[in-house]
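Notes follow the structure.
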Amino acid sequence: NITVTYKIAKRMLESTGEALSGQQLADEFGISRTAIWKHMKELEEKGYEIESVKKKGYRIVSIPDTLEPITIQIGLKTKRIGQRIEYVESCTSTQIIAHQLAQENAPDGTVVLTETQTAGRGRMARKWDSAAHKGVWMSIILRPNVPPQKAPQFTLVTAVAIVRAIEEVTALQPKIKWPNDILLNGKKCTGILTELQSDADGIQALIVGIGLNVNQDKEDFDLEVQGIATSLKMISGQTVNRQELVRAVLFYTELYTQMYIDEGFGMLKILWESYSTTIGQPVRARMTNHTLEGIAEGISDDGVLQLRTLDGKLHGIYSADIEM
Ligand code: BT5
């Protein structure tokens with residue numbers, strides 16, 4: 001029974017490095033010592049390294065590089081986001097699963113995590129390349145009590161949270177490209193996709209999708225994106241602990257989305273602008289039917305990009321692809 005196995009693993013991890021005797025575990029879980037031994041074998045099969053110390057008992061020495069809930073939830077410092085985590089080894093898209101869960105009344109802060117997606121998506125049904133076990137492919141369900149026009153800023157707020165998380169876990173200094181890209185050395189390491197479930201009463205759920213390239217090497221990317229994509233490992237030269245990174249992303253996403261909900265966009269706008277590569281730069285904004293060129297002067301309190309064209313006119317851009 002896999003849930004019992006994980007409960008035992010959780011108990012062992014929480015005893016911070018001390019060995020627990022088979023008898024003690026057997027008593028606590030109300031099963032036999034042989035059953036405990038079988039659960040240890042089960043964990044070993046799943047990639048957990050277990051030391052069994054004569055007379056003292058069992059100790060978990062290392063945990064596998066997966067994003068299974070217990071590997072994330074131990075040491076997670078959030079109150080809401082990630083208290084429930086749905087994990088699947090593989091799926092079409094975590095956005096699809098999250099939309100489904102949101103319709104089934106999954107609580108605020110529910111997280112969907114996977115190792116690989118067969119139909120990962122970007123904006124406007126573009127493809128998102130999701131190499132197995134190399135990135136963080138995740139959707140977060142939020143149920144903020146705000147009017148629908150306050151939804152687009154969640155993408156910007158999440159971008160700030162991801163930059164803070166990457167800064168904390170690595171020595172890297174990522175930049176944000178309006179509206180939804182995070183860059184390292186000018187290449188995309190993260191994309192964000194915020195989708196909305198709403199009705200006459202307002203926002204039912206926001207589904208915030210995060211695609212974060214972590215441990216890919218160049219050849220792990222599809223040919224089409226090799227020239228524009230990068231990963232944390234490619235820039236830092238080091239393999240990054242994905243579990244620690246997910247915990248940091250969840251922590252800062254909770255912190256900053258709550259700040260946005262409680263206090264508005266003001267402070268976050270300042271933070272966002274400090275990380276932005278777009279502001280103050282000449283840019284080309286490609287929209288569905290036309291293109292504008294000018295200087296990106298800033299963003300409004302609604303998260304709308306302010307672009308001044310050569311003729312001096314100021315344009316509010318709600319959605320576009322930016323070239324610099
Ligand atoms: C985005 O769209 O950047 C949003 C990506 C969101 C992906 C996450 S993964 C978890 C969740 N589940 C999903 O199905 N989606 C979300 P957009 O701005 O439209 O950029 C898409 C473009 O980025 C593509 O057309 C490619 O050019 C490029 N691209 C695709 N895969 C990439 C990758 N892994 N790294 C960098 N760039 C990529």
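Identifiers in this document derive from the order of the structure tokens: chains are assigned A, B, ..., residues are numbered from 1 separately in each chain, and ligands are numbered from 1 in order of occurrence.
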Excluding same-chain residues fewer than 5 positions from Gly22 (chain A), what lies within 7 Å of it counting only C-alpha atoms, as a ChimeraX atom specification?
/A:33,36,57-58
Export of prior selection with N, CA and C atoms as a PDB file, in the first residue's frame:
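Dumped to selection39.pdb:
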```pdb
ATOM      1  N   ARG A  33       6.845  -5.936  12.000  1.00  0.00           N
ATOM      2  CA  ARG A  33       8.180  -5.500  11.578  1.00  0.00           C
ATOM      3  C   ARG A  33       8.503  -5.985  10.177  1.00  0.00           C
ATOM      4  N   ILE A  36       7.052  -3.512   7.884  1.00  0.00           N
ATOM      5  CA  ILE A  36       7.917  -2.328   7.807  1.00  0.00           C
ATOM      6  C   ILE A  36       9.075  -2.595   6.852  1.00  0.00           C
ATOM      7  N   GLY A  57      18.035   0.751  13.685  1.00  0.00           N
ATOM      8  CA  GLY A  57      16.879   0.817  12.802  1.00  0.00           C
ATOM      9  C   GLY A  57      17.184   1.412  11.444  1.00  0.00           C
ATOM     10  N   TYR A  58      16.174   2.064  10.867  1.00  0.00           N
ATOM     11  CA  TYR A  58      16.277   2.545   9.493  1.00  0.00           C
ATOM     12  C   TYR A  58      16.422   4.058   9.448  1.00  0.00           C
TER      13      TYR A  58
END
```
Report as JSON lines: every residue of chain A with an atom at most 8 Å from ligand 1, its closest pair of atoms, and their distance in Å to one decimal, counting only C-alpha atoms and all ligand atoms, with rows sorted by chain and ascending residue number.
```
{"residue": "A:Thr92", "atom": "CA", "partner": "ligand 1", "partner_atom_place_in_ligand_line": "14 (O)", "distance": 7.3}
{"residue": "A:Ser93", "atom": "CA", "partner": "ligand 1", "partner_atom_place_in_ligand_line": "14 (O)", "distance": 4.1}
{"residue": "A:Thr94", "atom": "CA", "partner": "ligand 1", "partner_atom_place_in_ligand_line": "12 (N)", "distance": 4.4}
{"residue": "A:Gln95", "atom": "CA", "partner": "ligand 1", "partner_atom_place_in_ligand_line": "12 (N)", "distance": 4.5}
{"residue": "A:Ile96", "atom": "CA", "partner": "ligand 1", "partner_atom_place_in_ligand_line": "14 (O)", "distance": 7.2}
{"residue": "A:Gln117", "atom": "CA", "partner": "ligand 1", "partner_atom_place_in_ligand_line": "14 (O)", "distance": 7.1}
{"residue": "A:Ala119", "atom": "CA", "partner": "ligand 1", "partner_atom_place_in_ligand_line": "14 (O)", "distance": 6.3}
{"residue": "A:Gly120", "atom": "CA", "partner": "ligand 1", "partner_atom_place_in_ligand_line": "14 (O)", "distance": 3.4}
{"residue": "A:Arg121", "atom": "CA", "partner": "ligand 1", "partner_atom_place_in_ligand_line": "14 (O)", "distance": 3.9}
{"residue": "A:Gly122", "atom": "CA", "partner": "ligand 1", "partner_atom_place_in_ligand_line": "2 (O)", "distance": 3.3}
{"residue": "A:Arg123", "atom": "CA", "partner": "ligand 1", "partner_atom_place_in_ligand_line": "19 (O)", "distance": 3.5}
{"residue": "A:Met124", "atom": "CA", "partner": "ligand 1", "partner_atom_place_in_ligand_line": "19 (O)", "distance": 6.1}
{"residue": "A:Ala125", "atom": "CA", "partner": "ligand 1", "partner_atom_place_in_ligand_line": "19 (O)", "distance": 7.3}
{"residue": "A:Arg126", "atom": "CA", "partner": "ligand 1", "partner_atom_place_in_ligand_line": "25 (O)", "distance": 4.9}
{"residue": "A:Lys127", "atom": "CA", "partner": "ligand 1", "partner_atom_place_in_ligand_line": "24 (C)", "distance": 5.5}
{"residue": "A:Trp128", "atom": "CA", "partner": "ligand 1", "partner_atom_place_in_ligand_line": "31 (N)", "distance": 3.7}
{"residue": "A:Asp129", "atom": "CA", "partner": "ligand 1", "partner_atom_place_in_ligand_line": "31 (N)", "distance": 3.8}
{"residue": "A:Ser130", "atom": "CA", "partner": "ligand 1", "partner_atom_place_in_ligand_line": "34 (N)", "distance": 5.6}
{"residue": "A:Ala131", "atom": "CA", "partner": "ligand 1", "partner_atom_place_in_ligand_line": "34 (N)", "distance": 7.5}
{"residue": "A:Val136", "atom": "CA", "partner": "ligand 1", "partner_atom_place_in_ligand_line": "9 (S)", "distance": 7.3}
{"residue": "A:Trp137", "atom": "CA", "partner": "ligand 1", "partner_atom_place_in_ligand_line": "10 (C)", "distance": 4.1}
{"residue": "A:Met138", "atom": "CA", "partner": "ligand 1", "partner_atom_place_in_ligand_line": "10 (C)", "distance": 4.4}
{"residue": "A:Ser139", "atom": "CA", "partner": "ligand 1", "partner_atom_place_in_ligand_line": "11 (C)", "distance": 5.4}
{"residue": "A:Asn180", "atom": "CA", "partner": "ligand 1", "partner_atom_place_in_ligand_line": "18 (O)", "distance": 6.1}
{"residue": "A:Asp181", "atom": "CA", "partner": "ligand 1", "partner_atom_place_in_ligand_line": "3 (O)", "distance": 5.9}
{"residue": "A:Lys187", "atom": "CA", "partner": "ligand 1", "partner_atom_place_in_ligand_line": "36 (C)", "distance": 7.7}
{"residue": "A:Lys188", "atom": "CA", "partner": "ligand 1", "partner_atom_place_in_ligand_line": "36 (C)", "distance": 4.8}
{"residue": "A:Cys189", "atom": "CA", "partner": "ligand 1", "partner_atom_place_in_ligand_line": "36 (C)", "distance": 5.5}
{"residue": "A:Thr190", "atom": "CA", "partner": "ligand 1", "partner_atom_place_in_ligand_line": "35 (N)", "distance": 6.2}
{"residue": "A:Gly191", "atom": "CA", "partner": "ligand 1", "partner_atom_place_in_ligand_line": "3 (O)", "distance": 3.3}
{"residue": "A:Ile192", "atom": "CA", "partner": "ligand 1", "partner_atom_place_in_ligand_line": "4 (C)", "distance": 4.3}
{"residue": "A:Leu193", "atom": "CA", "partner": "ligand 1", "partner_atom_place_in_ligand_line": "4 (C)", "distance": 4.4}
{"residue": "A:Val208", "atom": "CA", "partner": "ligand 1", "partner_atom_place_in_ligand_line": "11 (C)", "distance": 7.5}
{"residue": "A:Gly209", "atom": "CA", "partner": "ligand 1", "partner_atom_place_in_ligand_line": "11 (C)", "distance": 3.9}
{"residue": "A:Ile210", "atom": "CA", "partner": "ligand 1", "partner_atom_place_in_ligand_line": "8 (C)", "distance": 4.3}
{"residue": "A:Gly211", "atom": "CA", "partner": "ligand 1", "partner_atom_place_in_ligand_line": "9 (S)", "distance": 3.6}
{"residue": "A:Leu212", "atom": "CA", "partner": "ligand 1", "partner_atom_place_in_ligand_line": "9 (S)", "distance": 7.2}
{"residue": "A:Asn213", "atom": "CA", "partner": "ligand 1", "partner_atom_place_in_ligand_line": "34 (N)", "distance": 6.0}
{"residue": "A:Phe221", "atom": "CA", "partner": "ligand 1", "partner_atom_place_in_ligand_line": "34 (N)", "distance": 6.8}
{"residue": "A:Asp222", "atom": "CA", "partner": "ligand 1", "partner_atom_place_in_ligand_line": "31 (N)", "distance": 8.0}
{"residue": "A:Glu224", "atom": "CA", "partner": "ligand 1", "partner_atom_place_in_ligand_line": "27 (O)", "distance": 7.3}
{"residue": "A:Val225", "atom": "CA", "partner": "ligand 1", "partner_atom_place_in_ligand_line": "27 (O)", "distance": 5.7}
{"residue": "A:Ile228", "atom": "CA", "partner": "ligand 1", "partner_atom_place_in_ligand_line": "37 (N)", "distance": 6.3}
{"residue": "A:Ala229", "atom": "CA", "partner": "ligand 1", "partner_atom_place_in_ligand_line": "36 (C)", "distance": 4.1}
{"residue": "A:Thr230", "atom": "CA", "partner": "ligand 1", "partner_atom_place_in_ligand_line": "36 (C)", "distance": 6.4}
{"residue": "A:Ser231", "atom": "CA", "partner": "ligand 1", "partner_atom_place_in_ligand_line": "35 (N)", "distance": 7.7}
{"residue": "A:Asp321", "atom": "CA", "partner": "ligand 1", "partner_atom_place_in_ligand_line": "18 (O)", "distance": 7.3}
```
Please indicate the distance in Å from CA of Tyr256 (chain A) to CA of Arg84 (chain A), rounded to one decimal place.
19.3 Å
I'd like the neighbourhood of Asp302 (chain A) as a VMD selection string, where a residue qualifies if any of its atoms comes within 9 Å (using only C-alpha atoms), though same-chain residues fewer than 5 positions away should be ignored.
chain A and resid 149 to 150 152 to 153 265
Apply DSSP to the structure's backbone, then extract all residues of region 90-220 of chain A labelled strand (DSSP E) and return them as an MDAnalysis selection string.
chainID A and resid 90:91 111:117 135:142 175:177 181:184 187:199 202:213
Dump C-alpha atoms for the selected residues as a tab-separated table (two decimals), in the first residue's frame?
```
chain	number	residue	atom	x	y	z
A	90	SER	CA	3.30	11.96	-17.14
A	91	CYS	CA	0.31	13.85	-18.54
A	111	VAL	CA	-0.85	22.30	-7.06
A	112	VAL	CA	-0.46	19.93	-10.01
A	113	LEU	CA	3.02	18.62	-10.75
A	114	THR	CA	4.34	16.22	-13.36
A	115	GLU	CA	7.63	14.96	-14.74
A	116	THR	CA	6.73	15.37	-18.39
A	117	GLN	CA	3.91	16.68	-20.60
A	135	GLY	CA	12.15	20.85	-15.38
A	136	VAL	CA	9.29	22.04	-13.22
A	137	TRP	CA	5.98	21.65	-15.07
A	138	MET	CA	3.37	22.87	-12.66
A	139	SER	CA	-0.08	24.46	-12.36
A	140	ILE	CA	-1.35	26.28	-9.28
A	141	ILE	CA	-5.06	26.77	-8.62
A	142	LEU	CA	-5.80	30.10	-6.95
A	175	LYS	CA	15.27	39.07	-15.75
A	176	ILE	CA	11.60	39.41	-16.65
A	177	LYS	CA	10.42	40.09	-20.17
A	181	ASP	CA	8.89	35.25	-19.83
A	182	ILE	CA	11.86	34.92	-17.51
A	183	LEU	CA	15.24	35.18	-19.16
A	184	LEU	CA	18.81	34.26	-18.37
A	187	LYS	CA	17.25	33.33	-23.38
A	188	LYS	CA	13.98	32.00	-22.02
A	189	CYS	CA	14.21	29.78	-18.94
A	190	THR	CA	10.61	30.14	-17.78
A	191	GLY	CA	7.19	30.78	-19.26
A	192	ILE	CA	3.99	31.53	-17.36
A	193	LEU	CA	0.46	30.90	-18.57
A	194	THR	CA	-2.43	32.27	-16.51
A	195	GLU	CA	-5.88	30.97	-17.40
A	196	LEU	CA	-9.21	31.95	-15.92
A	197	GLN	CA	-12.39	30.16	-14.90
A	198	SER	CA	-15.06	32.75	-14.33
A	199	ASP	CA	-18.82	33.19	-14.36
A	202	GLY	CA	-16.58	36.65	-10.98
A	203	ILE	CA	-13.40	34.62	-10.85
A	204	GLN	CA	-13.98	31.00	-9.88
A	205	ALA	CA	-10.35	30.00	-10.27
A	206	LEU	CA	-7.09	31.15	-11.74
A	207	ILE	CA	-4.91	28.41	-13.15
A	208	VAL	CA	-1.34	29.63	-13.08
A	209	GLY	CA	0.87	27.43	-15.24
A	210	ILE	CA	4.61	27.55	-14.75
A	211	GLY	CA	7.16	25.96	-17.06
A	212	LEU	CA	10.64	26.26	-15.59
A	213	ASN	CA	13.66	24.80	-17.38
```
Minimum-distance residue to Thr170 (chain A), chosen among A:Val240, A:Thr3, A:His133, A:Gln226 (using only C-alpha atoms)
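Looking at the shortest contact to Thr170 (chain A), the residue is A:Val240.
Each of A:Ala161, A:Met234, A:Arg143, A:Gly109 was checked against Thr78 (chain A) using only C-alpha atoms; the smallest atom-to-atom distance is that of A:Gly109.
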